[in-house]
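In what follows, a structure is listed as structure tokens, so that the remarks can point back to it.
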Amino acid sequence: MSEDLTESATRPTGDGSTILRLEEVTAGYGAGLILKGVDLTVPTGTIVCLIGPNGAGKSTVLKTISGLLRPKDGRVLLRGEDIGRLSSRDRLDRGVVHVPQDRSLFPSMSVWENVLMGAFILKDQALIRSRMERVSALFPIVAARKHAAAGSLSGGEQKQVELARSLMLDPALILLDEPSIGLDPKARRSVFQSITELAADGRTVLLVEQNARSGLAVAHHAAVLEAGRVAITGTGEELLRDPEVARLYLGASAKGAAPAR
Amino acid sequence: MHSLIQALILGILTSGVYALMASGQTLIFGIMKVINLAQGAFVVLSAYLSYSLLTAWGIDPFLSILITTPVLFALGVGIQWALLRPLHKDDAAELSLLVTFAVALGLEGLLSATYSTTFRSIQPGYENFSWTVLGYQVNAVRLFAFVLSLLMLAALYLLLQRTKFGRAIRATVQNPMAAQLLGVNSRLVAALGFGLGAATAAAAGAVFGIITPFNSGSHYDLISRLLTIVVLGGLGSIGGSIIAALVMGVGTALVSALASPIWSDFTFFVVLLLVLLLRPQGLLGAKIRGAL
């Protein structure tokens, strides 16, 4: 795999403040618990990557942050405010945007309409127009395939549109669930490139990634989630070099080296 | 040949009304995956309301639609809010069949008690008026009804395609979770969508009451026709249900003219059976979804 992008040490890492902190968060569906006390700190302006085996609760962490799921216990602190009991809508108002796993576009709606839906909670038409322009400049696909039905785009193109849509609210924190899943290597590179640019723009990205090597390579910080708890934390690079992480999540070819470009 | 074309005209004009009824049904199914078994009863209720407005105050049935539409909209929103919303998510699709059937039976009972079961028809005075065009009879009421249905369908189309509310509805239909994540209040959309679907019954009811004698039990026949149209069109596709209504309207009128009226209702179900055997996803439907 050679789609790794940049070396984490070369990127800026925010202002040192913490945008998001999970404290002892437990959550699940029905009686069962999936998260069994998750502690996680996300520094402002960084990319934090969450890796771990299937069923460890990675997506559930994102859902408790965006409000698709309310934590049973513990606190979800956004800039110090506990948002754990707020609705999805209230969390959007606070600049938290969640791009779920798989296809999250509206397939029969045009690319343009899909991106416009990203500004659903906004009322200021002038603001919406200026955001549309900015987003189209960042993601040329938005203007180029404006009228195409979103469902007719390739997987990689759809992911670009999803990312474009997520920027319509000018979010401070973007939750990305497996953005590279099902993409070919070229599209995958372009997605990770976009993620790096989001953080360079001052945004914070919390990334869940099955493709652990690529995820860790772009991440400033990383955490391994196992059975509903954070088992290991470190910088992206540290986790890439960690022999235990390499054995379990990076495949046999990992030799502790920093990723090659 | 003359009677064939005459039947064709009748079929096309009638199909507009069915298209209108079915588009409401399709809208509700598309948003909530709810098969609304009360849609026929909504149509019959609207027919009675228009009937009463005409007999009590002399309000023209076409004009009465302005009154009955908001009433049906409110009724739909109320029913969704009070009876469908509380259903547990996992069983909602199945339970809503029972709930909407119960609503249909409740309305039927209420209408029987109020109006007895005598067949009624709305008679504004021009119900039998028709023009003769190139030797063919064009019934005025059916033509008005057809034009009205087209106007209502166009309004529905514009609402869905050109407004923010319409975008929220379509987004919820296509990807409920993604819509919620973007701040769409899916519960509100569901309630208003159900209201909108019920509201289409208002215009349909007024017209239905003029062209067909009805009583409180007429909803059984109506709902089976509507379900046939909706399934034939492809569940959830409004365009499909319009085409299906046309196929059904013209088909039954032709069979009625060529063979006998006795066979015309039968045609409906033969066509449905053939479609389900040969193209189970319906004419325009992508596939029959989930539990269906």
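Going by the structure tokens order, chains are called A, B, ..., each with residues numbered from 1, while ligands are numbered from 1 in the order shown.
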Counting only C-alpha atoms, chain A residues within 10 Å of chain B, as a compact mmCIF listing (two decimals) with C-alpha atoms, in the first residue's frame:
```
# COMPACT_ATOMS: atom_id res chain seq x y z
CA LYS A 63 -22.74 8.28 16.83
CA SER A 66 -23.14 13.43 16.64
CA GLY A 67 -26.28 12.55 18.56
CA LEU A 68 -27.53 9.52 16.62
CA SER A 87 -30.29 16.53 19.71
CA SER A 88 -28.38 16.00 16.45
CA ARG A 89 -29.68 19.36 15.34
CA ASP A 90 -28.29 21.18 18.38
CA ARG A 91 -24.92 19.54 17.81
CA LEU A 92 -24.95 20.70 14.18
CA ASP A 93 -25.55 24.21 15.47
CA VAL A 96 -20.22 19.06 14.79
CA VAL A 97 -20.79 17.29 11.47
CA HIS A 98 -20.95 13.51 10.98
CA VAL A 99 -20.28 11.83 7.65
CA PRO A 100 -21.52 8.27 8.18
CA ARG A 103 -23.06 5.97 0.89
CA SER A 104 -24.75 8.81 2.70
CA LEU A 105 -25.82 10.83 -0.34
CA PHE A 106 -29.38 11.06 -1.58
CA PRO A 107 -29.00 9.02 -4.77
CA SER A 108 -31.85 10.47 -6.85
CA MET A 109 -31.06 14.06 -5.95
CA GLU A 113 -29.03 19.52 -4.20
CA ASN A 114 -27.04 17.08 -2.11
CA LEU A 116 -27.28 22.22 -0.62
CA MET A 117 -28.79 19.79 1.89
CA GLY A 118 -25.58 20.26 3.87
CA ALA A 119 -26.82 23.77 4.66
CA PHE A 120 -30.31 22.60 5.59
CA ILE A 121 -30.28 24.28 9.00
CA LEU A 122 -29.11 27.62 7.58
CA ARG A 165 -21.54 18.65 1.78
CA SER A 166 -20.04 18.31 5.25
CA LEU A 169 -21.89 24.39 7.86
```
Exercise. Within 7 Å of A:Cys49, counting only C-alpha atoms, which residues qualify if same-chain residues fewer than 5 places away don't, as a ChimeraX atom specification?
Worked result: /A:206-209,215-216,219,221-223
Problem set entry | Backbone DSSP call of strand (DSSP E or B) for stretch 31-232 of chain A, listed as a VMD selection string | chain A and resid 35 to 43 47 to 51 73 to 78 81 to 82 96 to 99 110 149 173 to 177 204 to 208 221 to 226 229 to 232
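With atom CA of B:Leu235 on one side and atom CA of B:Gly30 on the other, the separation reads 7.4 Å.
In terms of minimum interatomic distance to B:Ser23, B:Thr200 ranks closest within B:Ser52, B:Thr200, B:Ser96, B:Ser116, counting only C-alpha atoms.
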For this session: From the DSSP assignment of the backbone, select every residue of stretch 74-270 of chain B that is helix (DSSP H, G or I), and format the answer as an NGL selection string.
Result: :B and (74-84 or 89-115 or 140-162 or 164-174 or 176-181 or 186-211 or 218-233 or 238-258 or 261-270)
For this session: Pick out the residues sitting within 7 Å of B:Val230, and hand them over as a VMD selection string; count only C-alpha atoms, and ignore anything fewer than 4 positions along from it in its own chain.
Result: chain B and resid 22 26 226 234 to 235 241
Export of the given selection (C-alpha atoms) as a PDB file, in the first residue's frame:
```pdb
ATOM      1  CA  ALA B  22     -52.390   6.984  -5.705  1.00  0.00           C
ATOM      2  CA  THR B  26     -47.150   6.627  -2.821  1.00  0.00           C
ATOM      3  CA  LEU B 226     -55.133   2.116  -5.107  1.00  0.00           C
ATOM      4  CA  GLY B 234     -43.412   0.521  -8.344  1.00  0.00           C
ATOM      5  CA  LEU B 235     -43.737   1.210  -4.638  1.00  0.00           C
ATOM      6  CA  SER B 241     -48.118   5.467 -10.027  1.00  0.00           C
TER       7      SER B 241
END
```
Problem set entry | Distance criterion (only C-alpha atoms): nearest to B:Ala202 out of B:Phe29, B:Leu49, B:Thr69, B:Met21 |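 Of B:Phe29, B:Leu49, B:Thr69, B:Met21, the one nearest B:Ala202 is B:Thr69, counting only C-alpha atoms.
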For this session: Name all residues at most 9 Å from A:Arg85 (count only C-alpha atoms; drop same-chain ones fewer than 4 positions away) and give them as a PyMOL selection string.
Result: chain A and resi 67+70-71+76
Can you spit out the residues from that selection as a CSV table (one decimal), in the first residue's frame, using N, CA and C atoms?
```csv
chain,number,residue,atom,x,y,z
A,67,GLY,N,-24.9,12.5,18.0
A,67,GLY,CA,-26.3,12.5,18.6
A,67,GLY,C,-27.2,11.5,18.0
A,70,ARG,N,-27.6,8.4,22.2
A,70,ARG,CA,-27.3,9.1,23.5
A,70,ARG,C,-26.5,8.2,24.3
A,71,PRO,N,-25.4,8.8,25.0
A,71,PRO,CA,-24.7,7.9,25.9
A,71,PRO,C,-25.5,7.5,27.1
A,76,VAL,N,-19.9,13.8,27.1
A,76,VAL,CA,-19.3,14.2,25.8
A,76,VAL,C,-19.1,15.7,25.8
```
For this session: Tell me which protein, DNA and RNA residues are within 12 Å of B:Phe194, counting only C-alpha atoms, leaving out same-chain ones fewer than 2 positions away, and put them as a PyMOL selection string.
Result: chain B and resi 23-36+38-39+42+72-81+83-85+100+169+186-192+196-201
Create the file for the chosen residues now, containing N, CA and C atoms and written as a compact mmCIF listing (two decimals), in the first residue's frame.
```txt
# COMPACT_ATOMS: atom_id res chain seq x y z
N SER B 23 -51.01 9.00 -5.88
CA SER B 23 -49.79 9.75 -5.60
C SER B 23 -49.68 10.06 -4.11
N GLY B 24 -50.82 10.30 -3.47
CA GLY B 24 -50.81 10.51 -2.02
C GLY B 24 -50.36 9.26 -1.30
N GLN B 25 -50.92 8.14 -1.75
CA GLN B 25 -50.57 6.83 -1.17
C GLN B 25 -49.08 6.56 -1.33
N THR B 26 -48.56 6.87 -2.51
CA THR B 26 -47.15 6.63 -2.82
C THR B 26 -46.24 7.52 -1.99
N LEU B 27 -46.66 8.76 -1.84
CA LEU B 27 -45.88 9.72 -1.04
C LEU B 27 -45.74 9.20 0.39
N ILE B 28 -46.85 8.74 0.95
CA ILE B 28 -46.84 8.24 2.33
C ILE B 28 -45.95 7.01 2.42
N PHE B 29 -46.09 6.12 1.43
CA PHE B 29 -45.24 4.93 1.48
C PHE B 29 -43.77 5.30 1.35
N GLY B 30 -43.49 6.23 0.43
CA GLY B 30 -42.11 6.62 0.19
C GLY B 30 -41.44 7.20 1.42
N ILE B 31 -42.16 8.03 2.16
CA ILE B 31 -41.55 8.69 3.32
C ILE B 31 -41.46 7.76 4.51
N MET B 32 -42.55 7.04 4.76
CA MET B 32 -42.58 6.32 6.04
C MET B 32 -42.57 4.82 5.89
N LYS B 33 -42.53 4.33 4.65
CA LYS B 33 -42.65 2.89 4.43
C LYS B 33 -43.95 2.37 5.06
N VAL B 34 -44.93 3.27 5.12
CA VAL B 34 -46.22 2.89 5.67
C VAL B 34 -47.19 2.68 4.52
N ILE B 35 -47.81 1.51 4.47
CA ILE B 35 -48.88 1.32 3.50
C ILE B 35 -50.15 1.80 4.17
N ASN B 36 -50.65 2.91 3.70
CA ASN B 36 -51.77 3.55 4.37
C ASN B 36 -53.08 2.94 3.88
N ALA B 38 -55.85 3.44 5.05
CA ALA B 38 -56.96 4.37 5.26
C ALA B 38 -57.12 5.36 4.11
N GLN B 39 -56.25 5.28 3.10
CA GLN B 39 -56.33 6.28 2.02
C GLN B 39 -57.70 6.23 1.33
N PHE B 42 -60.10 7.93 3.49
CA PHE B 42 -59.92 9.40 3.40
C PHE B 42 -60.68 9.94 2.19
N LEU B 72 -58.40 17.53 5.62
CA LEU B 72 -57.75 16.21 5.47
C LEU B 72 -56.28 16.27 5.84
N PHE B 73 -55.64 17.40 5.50
CA PHE B 73 -54.23 17.58 5.87
C PHE B 73 -54.08 17.49 7.39
N ALA B 74 -54.95 18.24 8.09
CA ALA B 74 -54.88 18.25 9.56
C ALA B 74 -55.19 16.87 10.12
N LEU B 75 -56.18 16.20 9.52
CA LEU B 75 -56.53 14.86 9.98
C LEU B 75 -55.33 13.92 9.82
N GLY B 76 -54.68 14.01 8.66
CA GLY B 76 -53.52 13.16 8.39
C GLY B 76 -52.40 13.41 9.38
N VAL B 77 -52.09 14.69 9.61
CA VAL B 77 -51.03 15.03 10.56
C VAL B 77 -51.39 14.49 11.95
N GLY B 78 -52.66 14.68 12.33
CA GLY B 78 -53.13 14.22 13.64
C GLY B 78 -53.00 12.72 13.80
N ILE B 79 -53.43 11.98 12.77
CA ILE B 79 -53.37 10.52 12.84
C ILE B 79 -51.93 10.04 12.93
N GLN B 80 -51.06 10.66 12.12
CA GLN B 80 -49.66 10.26 12.16
C GLN B 80 -49.08 10.53 13.55
N TRP B 81 -49.37 11.71 14.07
CA TRP B 81 -48.79 12.14 15.34
C TRP B 81 -49.30 11.27 16.48
N LEU B 83 -51.17 8.24 16.32
CA LEU B 83 -51.27 6.78 16.22
C LEU B 83 -50.05 6.10 15.60
N LEU B 84 -49.40 6.75 14.65
CA LEU B 84 -48.30 6.07 13.96
C LEU B 84 -46.94 6.37 14.59
N ARG B 85 -46.75 7.61 15.01
CA ARG B 85 -45.47 8.02 15.58
C ARG B 85 -45.06 7.17 16.78
N THR B 100 -53.57 1.72 10.34
CA THR B 100 -54.29 2.46 9.29
C THR B 100 -55.58 1.72 8.90
N ILE B 169 -38.30 16.22 2.38
CA ILE B 169 -39.09 15.00 2.20
C ILE B 169 -38.32 13.99 1.35
N SER B 186 -36.91 14.36 11.14
CA SER B 186 -37.60 13.32 10.37
C SER B 186 -39.01 13.07 10.90
N ARG B 187 -39.22 13.30 12.21
CA ARG B 187 -40.57 13.10 12.75
C ARG B 187 -41.55 14.13 12.21
N LEU B 188 -41.08 15.37 12.11
CA LEU B 188 -41.93 16.43 11.58
C LEU B 188 -42.22 16.17 10.10
N VAL B 189 -41.18 15.76 9.37
CA VAL B 189 -41.35 15.46 7.95
C VAL B 189 -42.34 14.33 7.77
N ALA B 190 -42.25 13.31 8.64
CA ALA B 190 -43.17 12.18 8.55
C ALA B 190 -44.61 12.63 8.77
N ALA B 191 -44.82 13.48 9.79
CA ALA B 191 -46.18 13.93 10.09
C ALA B 191 -46.74 14.80 8.96
N LEU B 192 -45.92 15.75 8.49
CA LEU B 192 -46.40 16.63 7.41
C LEU B 192 -46.58 15.86 6.11
N LEU B 196 -49.85 15.55 3.94
CA LEU B 196 -49.87 15.89 2.52
C LEU B 196 -50.51 14.77 1.70
N GLY B 197 -50.13 13.53 2.02
CA GLY B 197 -50.71 12.37 1.33
C GLY B 197 -52.21 12.30 1.54
N ALA B 198 -52.63 12.54 2.79
CA ALA B 198 -54.06 12.51 3.10
C ALA B 198 -54.78 13.66 2.37
N ALA B 199 -54.11 14.80 2.27
CA ALA B 199 -54.73 15.97 1.63
C ALA B 199 -55.05 15.72 0.16
N THR B 200 -54.26 14.87 -0.50
CA THR B 200 -54.56 14.59 -1.91
C THR B 200 -55.90 13.87 -2.05
N ALA B 201 -56.35 13.25 -0.94
CA ALA B 201 -57.63 12.55 -0.98
C ALA B 201 -58.80 13.53 -1.07
```
